[in-house]
$ cat final-v8.cif   # mmCIF, C-alpha atoms and all ligand atoms
data_structure
loop_
_atom_site.label_atom_id
_atom_site.label_comp_id
_atom_site.auth_asym_id
_atom_site.auth_seq_id
_atom_site.Cartn_x
_atom_site.Cartn_y
_atom_site.Cartn_z
CA MET L 1 24.60 -16.88 -14.30
CA GLY L 2 23.39 -16.13 -17.80
CA ALA L 3 20.61 -13.85 -19.03
CA PHE L 4 17.17 -13.79 -17.43
CA LYS L 5 14.03 -14.92 -19.16
CA GLU L 6 10.96 -12.94 -18.26
CA GLU L 7 7.66 -14.67 -17.55
CA GLN L 8 4.73 -12.22 -17.63
CA MET L 9 1.72 -13.15 -15.54
CA ASN L 10 -1.73 -11.72 -15.10
CA THR L 11 -2.97 -12.45 -11.59
CA SER L 12 -6.52 -12.43 -10.24
CA GLY L 13 -5.76 -8.97 -8.86
CA ASP L 14 -5.08 -7.66 -12.38
CA LEU L 15 -7.94 -9.50 -14.05
CA ASN L 16 -10.75 -8.63 -11.67
CA LEU L 17 -11.38 -4.97 -12.37
CA LYS L 18 -14.95 -4.86 -11.24
CA ASP L 19 -14.73 -5.37 -7.52
CA ARG L 20 -13.09 -3.72 -4.65
CA LEU L 21 -9.83 -5.51 -3.90
CA ALA L 22 -10.83 -5.80 -0.26
CA GLU L 23 -13.90 -7.79 -1.26
CA ILE L 24 -12.27 -10.32 -3.55
CA GLY L 25 -9.50 -11.45 -1.27
CA GLY L 26 -7.04 -8.62 -0.64
CA LYS L 27 -3.30 -8.83 -0.91
CA GLY L 28 -2.69 -12.47 -1.81
CA LEU L 29 -4.49 -11.78 -5.10
CA PHE L 30 -1.51 -10.28 -6.84
CA SER L 31 0.92 -12.96 -5.76
CA LYS L 32 -0.96 -16.24 -5.31
CA GLU L 33 -0.43 -17.67 -8.80
CA ILE L 34 3.08 -16.25 -8.98
CA HIS L 35 4.09 -17.87 -5.71
CA GLU L 36 2.59 -21.23 -6.71
CA LEU L 37 4.80 -21.19 -9.81
CA LEU L 38 7.79 -19.97 -7.80
CA ALA L 39 7.44 -22.75 -5.22
CA LEU L 40 7.27 -25.35 -8.01
CA GLY L 41 10.40 -24.03 -9.70
CA GLY L 42 8.61 -22.69 -12.81
CA ILE L 43 10.24 -19.34 -12.10
CA ASP L 44 13.22 -18.50 -9.87
CA PHE L 45 12.24 -15.14 -8.42
CA ALA L 46 9.31 -12.76 -8.43
CA VAL L 47 9.19 -8.96 -8.32
CA HIS L 48 6.43 -7.28 -6.28
CA SER L 49 5.20 -3.96 -5.04
CA LEU L 50 5.63 -4.69 -1.33
CA LYS L 51 2.30 -3.01 -0.71
CA ASP L 52 0.55 -5.88 -2.51
CA LEU L 53 2.60 -8.65 -0.94
CA GLU L 54 0.96 -10.68 1.83
CA THR L 55 2.71 -10.49 5.20
CA ASN L 56 2.82 -14.27 5.67
CA LEU L 57 4.67 -15.70 2.68
CA PRO L 58 4.02 -19.32 1.66
CA PRO L 59 6.38 -21.84 3.33
CA GLY L 60 9.78 -22.09 1.67
CA LEU L 61 9.64 -18.59 0.13
CA VAL L 62 11.47 -15.54 1.46
CA LEU L 63 11.66 -11.83 0.78
CA ALA L 64 15.20 -11.86 -0.57
CA CYS L 65 15.60 -8.16 -1.11
CA THR L 66 13.90 -4.83 -0.59
CA MET L 67 14.97 -2.12 -3.01
CA LYS L 68 15.45 1.59 -2.29
CA ARG L 69 12.13 3.23 -1.56
CA GLU L 70 10.48 5.54 -4.06
CA ASP L 71 8.36 8.42 -2.68
CA ALA L 72 5.93 6.66 -0.30
CA ARG L 73 3.21 9.31 -0.39
CA ASP L 74 -0.27 9.11 -1.80
CA VAL L 75 -1.32 11.88 -4.15
CA LEU L 76 -4.53 13.62 -5.07
CA VAL L 77 -5.29 13.83 -8.78
CA LEU L 78 -7.93 16.43 -9.67
CA ARG L 79 -10.24 16.69 -12.66
CA ASP L 80 -10.29 20.48 -12.40
CA ARG L 81 -6.59 21.31 -12.31
CA THR L 82 -7.14 25.07 -12.03
CA VAL L 83 -8.19 25.13 -8.35
CA LYS L 84 -5.85 26.56 -5.71
CA VAL L 85 -4.44 24.05 -3.23
CA ASP L 86 -3.37 24.82 0.34
CA PRO L 87 -0.62 22.30 1.24
CA ASN L 88 -1.63 22.55 4.92
CA ASP L 89 -5.23 21.69 4.10
CA PRO L 90 -4.98 19.65 0.92
CA TYR L 91 -8.59 18.42 0.89
CA ALA L 92 -10.04 21.92 1.06
CA CYS L 93 -9.68 22.26 -2.71
CA LEU L 94 -12.56 19.83 -3.24
CA PRO L 95 -16.06 21.36 -3.30
CA LYS L 96 -18.69 20.19 -0.81
CA GLY L 97 -20.04 16.78 -1.76
CA ALA L 98 -17.35 16.19 -4.41
CA LEU L 99 -17.17 12.67 -5.84
CA VAL L 100 -13.89 10.82 -5.26
CA GLY L 101 -13.02 7.71 -7.28
CA CYS L 102 -11.11 5.33 -5.07
CA ALA L 103 -10.71 1.59 -4.51
CA SER L 104 -8.85 1.73 -1.21
CA VAL L 105 -10.64 1.67 2.17
CA ARG L 106 -7.50 3.13 3.75
CA ARG L 107 -7.58 6.23 1.55
CA GLN L 108 -11.34 6.59 1.76
CA ALA L 109 -11.42 6.38 5.57
CA GLN L 110 -8.68 8.97 6.03
CA MET L 111 -10.32 11.42 3.62
CA LEU L 112 -13.78 10.95 5.10
CA HIS L 113 -12.34 11.53 8.55
CA ARG L 114 -11.44 15.08 7.49
CA ARG L 115 -14.20 15.62 4.95
CA PRO L 116 -17.35 13.65 5.87
CA ASP L 117 -19.26 15.43 3.11
CA LEU L 118 -17.26 13.77 0.32
CA ARG L 119 -18.85 10.97 -1.73
CA PHE L 120 -16.95 7.96 -3.05
CA CYS L 121 -17.28 5.75 -6.08
CA LEU L 122 -15.27 2.75 -7.15
CA LEU L 123 -12.55 3.47 -9.68
CA ARG L 124 -10.48 0.49 -10.73
CA GLY L 125 -8.36 -0.63 -13.64
CA ASN L 126 -4.81 0.33 -14.46
CA VAL L 127 -3.59 3.86 -13.83
CA GLN L 128 -4.24 5.08 -17.39
CA THR L 129 -7.81 3.73 -17.31
CA ARG L 130 -8.47 5.48 -14.02
CA LEU L 131 -7.10 8.77 -15.29
CA ASP L 132 -9.16 8.47 -18.49
CA LYS L 133 -12.32 7.90 -16.43
CA LEU L 134 -11.49 10.89 -14.20
CA ASN L 135 -10.88 13.15 -17.19
CA ALA L 136 -14.15 11.97 -18.76
CA GLY L 137 -16.03 13.17 -15.65
CA ALA L 138 -16.64 9.88 -13.81
CA CYS L 139 -15.51 11.65 -10.62
CA ASP L 140 -13.94 14.90 -9.40
CA ALA L 141 -10.74 13.46 -7.96
CA THR L 142 -8.85 10.26 -7.35
CA LEU L 143 -6.06 9.10 -5.07
CA LEU L 144 -3.04 7.19 -6.29
CA ALA L 145 0.42 6.25 -5.09
CA TYR L 146 3.15 8.72 -6.04
CA ALA L 147 5.47 5.78 -6.77
CA GLY L 148 3.08 4.21 -9.27
CA LEU L 149 2.65 7.43 -11.25
CA LYS L 150 6.37 8.17 -11.18
CA ARG L 151 7.34 4.72 -12.42
CA LEU L 152 4.92 5.14 -15.31
CA GLY L 153 6.43 8.54 -16.16
CA MET L 154 3.19 10.31 -15.24
CA GLU L 155 4.46 12.54 -12.45
CA ASP L 156 3.06 15.55 -14.26
CA ARG L 157 -0.45 14.32 -13.49
CA ILE L 158 0.16 14.69 -9.74
CA ASP L 159 -1.79 17.66 -8.39
CA VAL L 160 -1.34 17.33 -4.62
CA PRO L 161 1.22 15.08 -2.90
CA LEU L 162 -0.25 14.24 0.50
CA GLU L 163 2.06 14.40 3.51
CA PRO L 164 1.85 11.35 5.82
CA GLU L 165 0.13 13.47 8.48
CA HIS L 166 -2.78 13.98 6.09
CA MET L 167 -2.75 10.52 4.50
CA LEU L 168 -0.75 7.70 6.06
CA PRO L 169 0.54 5.43 3.27
CA ALA L 170 0.03 1.66 3.15
CA ALA L 171 2.71 -0.62 4.58
CA GLY L 172 5.42 -1.13 1.97
CA GLN L 173 4.13 1.56 -0.41
CA GLY L 174 6.84 2.67 -2.84
CA ILE L 175 9.12 -0.30 -2.18
CA VAL L 176 9.81 -3.07 -4.69
CA GLY L 177 10.73 -6.44 -3.23
CA VAL L 178 11.86 -9.77 -4.61
CA THR L 179 10.69 -13.17 -3.35
CA LEU L 180 12.41 -16.47 -4.09
CA ARG L 181 12.86 -19.99 -2.77
CA GLU L 182 14.65 -19.96 0.58
CA SER L 183 16.89 -22.78 -0.63
CA ASN L 184 18.17 -20.79 -3.63
CA TYR L 185 21.30 -19.50 -1.89
CA GLU L 186 23.10 -18.59 -5.11
CA LEU L 187 20.34 -16.23 -6.21
CA ARG L 188 19.87 -14.83 -2.71
CA GLU L 189 23.53 -13.88 -2.65
CA LEU L 190 23.29 -12.29 -6.11
CA LEU L 191 20.20 -10.24 -5.20
CA SER L 192 21.76 -8.96 -1.98
CA ALA L 193 23.57 -6.49 -4.26
CA ILE L 194 20.34 -4.50 -4.73
CA GLU L 195 19.16 -4.76 -1.13
CA ASP L 196 18.68 -1.37 0.55
CA PRO L 197 19.12 -1.67 4.34
CA GLU L 198 16.98 1.39 5.04
CA ALA L 199 14.12 -0.01 2.94
CA ARG L 200 14.50 -3.31 4.80
CA ALA L 201 14.21 -1.60 8.20
CA VAL L 202 11.14 0.48 7.30
CA ALA L 203 9.48 -2.40 5.44
CA THR L 204 10.05 -4.74 8.38
CA ALA L 205 8.49 -2.29 10.84
CA GLU L 206 5.51 -1.54 8.58
CA ARG L 207 4.88 -5.16 7.62
CA SER L 208 5.06 -6.48 11.17
CA LEU L 209 2.59 -3.77 12.21
CA LEU L 210 0.29 -4.90 9.40
CA ALA L 211 0.73 -8.57 10.27
CA GLU L 212 -0.31 -7.85 13.84
CA LEU L 213 -3.43 -5.95 12.74
CA ASP L 214 -4.59 -7.79 9.65
CA GLY L 215 -7.93 -8.99 11.02
CA SER L 216 -9.82 -8.47 7.81
CA CYS L 217 -8.52 -6.98 4.61
CA ARG L 218 -11.46 -4.59 4.71
CA THR L 219 -10.06 -2.81 7.75
CA PRO L 220 -8.47 0.53 6.81
CA ILE L 221 -4.87 0.25 8.05
CA GLY L 222 -1.92 2.56 7.41
CA GLY L 223 1.72 2.00 8.29
CA TYR L 224 4.65 4.23 7.51
CA ALA L 225 8.18 4.25 8.89
CA ARG L 226 11.17 6.44 8.23
CA LEU L 227 14.77 6.44 9.37
CA THR L 228 16.34 9.72 10.56
CA ASP L 229 19.78 9.95 12.16
CA GLY L 230 19.75 6.25 12.85
CA VAL L 231 16.37 6.36 14.64
CA LEU L 232 13.43 4.45 13.23
CA HIS L 233 10.07 6.27 13.49
CA LEU L 234 6.91 4.29 12.86
CA SER L 235 3.36 5.62 12.48
CA GLY L 236 0.39 3.30 12.49
CA LEU L 237 -3.27 3.95 11.80
CA VAL L 238 -6.54 2.05 12.11
CA ALA L 239 -9.88 3.48 11.05
CA SER L 240 -13.46 2.55 10.34
CA GLU L 241 -14.44 2.55 6.66
CA ASP L 242 -16.65 5.63 7.11
CA GLY L 243 -13.83 7.53 8.85
CA THR L 244 -15.85 8.21 12.02
CA PHE L 245 -13.28 6.23 14.01
CA LEU L 246 -9.60 6.93 13.35
CA LEU L 247 -6.69 6.11 15.63
CA ARG L 248 -3.09 6.97 14.93
CA ARG L 249 -0.12 6.13 17.13
CA GLU L 250 3.65 6.58 16.80
CA ALA L 251 6.68 4.66 18.04
CA GLN L 252 10.42 5.02 17.71
CA GLY L 253 13.47 2.91 18.36
CA ARG L 254 16.48 1.16 16.86
CA PRO L 255 16.30 -0.17 13.28
CA ALA L 256 17.43 -3.57 14.63
CA ASP L 257 14.19 -3.70 16.65
CA ALA L 258 11.97 -2.93 13.62
CA ALA L 259 9.93 -6.15 13.80
CA LYS L 260 9.31 -5.83 17.54
CA MET L 261 8.40 -2.17 17.16
CA GLY L 262 5.84 -2.97 14.48
CA ARG L 263 4.30 -5.79 16.52
CA GLU L 264 4.08 -3.68 19.66
CA LEU L 265 2.54 -0.71 17.87
CA GLY L 266 0.06 -3.09 16.26
CA ILE L 267 -0.91 -4.49 19.65
CA GLU L 268 -1.31 -0.98 21.04
CA LEU L 269 -3.52 0.09 18.14
CA ARG L 270 -5.67 -3.02 18.42
CA ALA L 271 -6.08 -2.58 22.18
CA ASN L 272 -7.50 0.88 21.59
CA THR L 273 -9.81 0.05 18.68
CA PRO L 274 -13.44 -1.13 19.02
CA PRO L 275 -13.34 -4.88 18.19
CA HIS L 276 -16.03 -4.71 15.48
CA ILE L 277 -13.58 -2.81 13.25
CA PHE L 278 -11.47 -5.97 12.99
CA GLU L 279 -14.33 -8.38 12.50
CA LYS L 280 -13.68 -10.76 9.64
CA ILE L 281 -16.04 -10.57 6.71
CA ILE L 282 -16.23 -14.16 5.57
CA ASN L 283 -18.79 -13.87 2.82
CA PRO L 284 -18.98 -10.37 1.41
CA SER L 285 -22.14 -9.78 -0.58
N1 LIG W 301 -2.71 -1.61 -5.16
C1 LIG W 301 -2.16 -1.28 -6.42
C2 LIG W 301 -0.80 -0.71 -6.33
N2 LIG W 301 0.23 -1.41 -5.81
C3 LIG W 301 1.35 -0.63 -5.80
C4 LIG W 301 1.01 0.60 -6.36
C5 LIG W 301 1.90 1.76 -6.53
C6 LIG W 301 3.35 1.55 -6.40
C7 LIG W 301 3.83 1.27 -4.99
O1 LIG W 301 3.19 1.66 -4.01
O2 LIG W 301 4.89 0.65 -4.85
C8 LIG W 301 -0.35 0.55 -6.70
C9 LIG W 301 -1.14 1.63 -7.33
C10 LIG W 301 -1.71 2.65 -6.37
O3 LIG W 301 -1.98 2.31 -5.21
O4 LIG W 301 -1.93 3.80 -6.77
#
$ encode --input "final-v8.cif" --output "structure tokens"
Amino acid sequence: MGAFKEEQMNTSGDLNLKDRLAEIGGKGLFSKEIHELLALGGIDFAVHSLKDLETNLPPGLVLACTMKREDARDVLVLRDRTVKVDPNDPYACLPKGALVGCASVRRQAQMLHRRPDLRFCLLRGNVQTRLDKLNAGACDATLLAYAGLKRLGMEDRIDVPLEPEHMLPAAGQGIVGVTLRESNYELRELLSAIEDPEARAVATAERSLLAELDGSCRTPIGGYARLTDGVLHLSGLVASEDGTFLLRREAQGRPADAAKMGRELGIELRANTPPHIFEKIINPS
């Protein structure tokens, strides 16, 4: 196998900066065009943030490898960096009625659940654009993935890493995965060298939880698994957008049962959630 040729693509997810991701089609947005090209043989593999990768891949494509997980936490980035932060009560540093720039219903719901006084505005664009807008006073704080900031070398802009008990991450957050054609055995074998079994186990649990729950991409859903001493622990969360309803459940078991564990926790969460929270929004206006 010789050198790789890189094909850069801008997807609808990158190009549409105006709307909330949830309203323009959710996860498939970042991978639709890429997977069409992959299926046709225009490219041989595609690299994704697992968080943005749909749970049901197009026929003939597989998730060939999941790489070692970066820090999965979300972080709070503050405009006023001089305030004191209590790690046990990370949202207390925001004044009453503070304006939070955020494009994720999952983050918004979890914050509103603890701080119903907070106000939210849409903040989209790439990370640098968001930080520029924050610094210019568009809002008082924003929430981002630790992994995204770290990979861009902007860890120093992190004010408050949020522990999963305060903010449950999205399924797959912090993990990079590679998709390719199922029939490309040579490349699958080659990529198995960068597969991380722990990332595979946690990603499988989180993604099967998400697959079970994914009624509408507007539903705030969190899923986070970790492996300790050979035991897989999975936390799942469903909330209403305004944070008035929030349900969190945990499960544990063997890594080999990751998919089953995710499905079962998803079923349990759904059974205990008012059905309207999962209602599909066909035509958002
Ligand atoms: N939805 C955008 C997106 N997809 C993956 C990351 C961060 C990196 C990762 O989670 O792997 C981000 C940015 C963010 O949410 O702050």
$ atom_distance --input "final-v8.cif" --atom1 "CA of Arg79 (chain L)" --atom2 "CA of Asn135 (chain L)"
5.8 Å
$ closest_residue --input "final-v8.cif" --among "L:Val100, L:Val75, L:Ala136, L:Leu94" --to "Gly148 (chain L)" --atoms "only C-alpha atoms"
L:Val75
$ closest_residue --input "final-v8.cif" --among "L:His276, L:Lys68, L:Arg181, L:Arg226" --to "ligand LIG 301 (chain W)" --atoms "all atoms listed in the file"
L:Lys68
$ residues_near_ligand --input "final-v8.cif" --ligand "ligand LIG 301 (chain W)" --cutoff "6 Å" --atoms "only C-alpha atoms and all ligand atoms" --output "PyMOL selection string"
chain L and resi 49+51-52+144-145+147-148+173-175
$ write_last_selection --input "final-v8.cif" --atoms "C-alpha atoms" --output "CSV table (one decimal), keeping the file's coordinate frame"
chain,number,residue,atom,x,y,z
L,49,SER,CA,5.2,-4.0,-5.0
L,51,LYS,CA,2.3,-3.0,-0.7
L,52,ASP,CA,0.6,-5.9,-2.5
L,144,LEU,CA,-3.0,7.2,-6.3
L,145,ALA,CA,0.4,6.2,-5.1
L,147,ALA,CA,5.5,5.8,-6.8
L,148,GLY,CA,3.1,4.2,-9.3
L,173,GLN,CA,4.1,1.6,-0.4
L,174,GLY,CA,6.8,2.7,-2.8
L,175,ILE,CA,9.1,-0.3,-2.2
$ atom_distance --input "final-v8.cif" --atom1 "CA of Ser31 (chain L)" --atom2 "CA of Glu54 (chain L)"
7.9 Å
$ closest_residue --input "final-v8.cif" --among "L:Pro58, L:Pro161, L:Pro220, L:Gly137" --to "Asp86 (chain L)" --atoms "all atoms listed in the file"
L:Pro161
$ closest_residue --input "final-v8.cif" --among "L:Val127, L:Val178, L:Met167, L:Leu29" --to "Val62 (chain L)" --atoms "all atoms listed in the file"
L:Val178
$ atom_distance --input "final-v8.cif" --atom1 "CA of Arg218 (chain L)" --atom2 "CA of Ala64 (chain L)"
28.1 Å
$ residues_around --input "final-v8.cif" --residues "Val160 (chain L)" --least-positions-apart "2" --cutoff "9 Å" --atoms "only C-alpha atoms" --output "MDAnalysis selection string"
chainID L and resid 74:78 85 87 90 158 162
$ residues_around --input "final-v8.cif" --residues "region 198-207 of chain L" --least-positions-apart "6" --cutoff "8 Å" --atoms "only C-alpha atoms" --output "count of residues only"
24
$ residues_near_point --input "final-v8.cif" --point "(17.2, -18.3, -1.2)" --cutoff "12 Å" --atoms "all atoms listed in the file" --output "PyMOL selection string"
chain L and resi 38-39+44-45+60-65+178-192
$ residues_near_point --input "final-v8.cif" --point "(-18.8, 16.2, -0.5)" --cutoff "6 Å" --atoms "all atoms listed in the file" --output "list in words"
Lys96, Gly97, Ala98, Asp117, Leu118 and Arg119 of chain L
$ write_last_selection --input "final-v8.cif" --atoms "C-alpha atoms" --output "CSV table (one decimal), in the coordinates of the input"
chain,number,residue,atom,x,y,z
L,96,LYS,CA,-18.7,20.2,-0.8
L,97,GLY,CA,-20.0,16.8,-1.8
L,98,ALA,CA,-17.4,16.2,-4.4
L,117,ASP,CA,-19.3,15.4,3.1
L,118,LEU,CA,-17.3,13.8,0.3
L,119,ARG,CA,-18.8,11.0,-1.7
$ closest_residue --input "final-v8.cif" --among "L:Leu123, L:Leu152, L:Val238, L:Ala138" --to "Cys102 (chain L)" --atoms "all atoms listed in the file"
L:Leu123
$ closest_residue --input "final-v8.cif" --among "L:Asp242, L:Glu212, L:Glu6, L:Asp89" --to "Glu264 (chain L)" --atoms "all atoms listed in the file"
L:Glu212
$ axis_aligned_box --input "final-v8.cif" --around "region 219-233 of chain L" --padding-each-side "6 Å" --output "AutoDock Vina command-line options"
--center_x 4.9 --center_y 3.6 --center_z 10.7 --size_x 41.8 --size_y 24.8 --size_z 19.8
$ residues_around --input "final-v8.cif" --residues "Gly236 (chain L)" --least-positions-apart "5" --cutoff "8 Å" --atoms "all atoms listed in the file" --output "VMD selection string"
chain L and resid 168 209 221 to 224 248 to 250 265 to 266 269
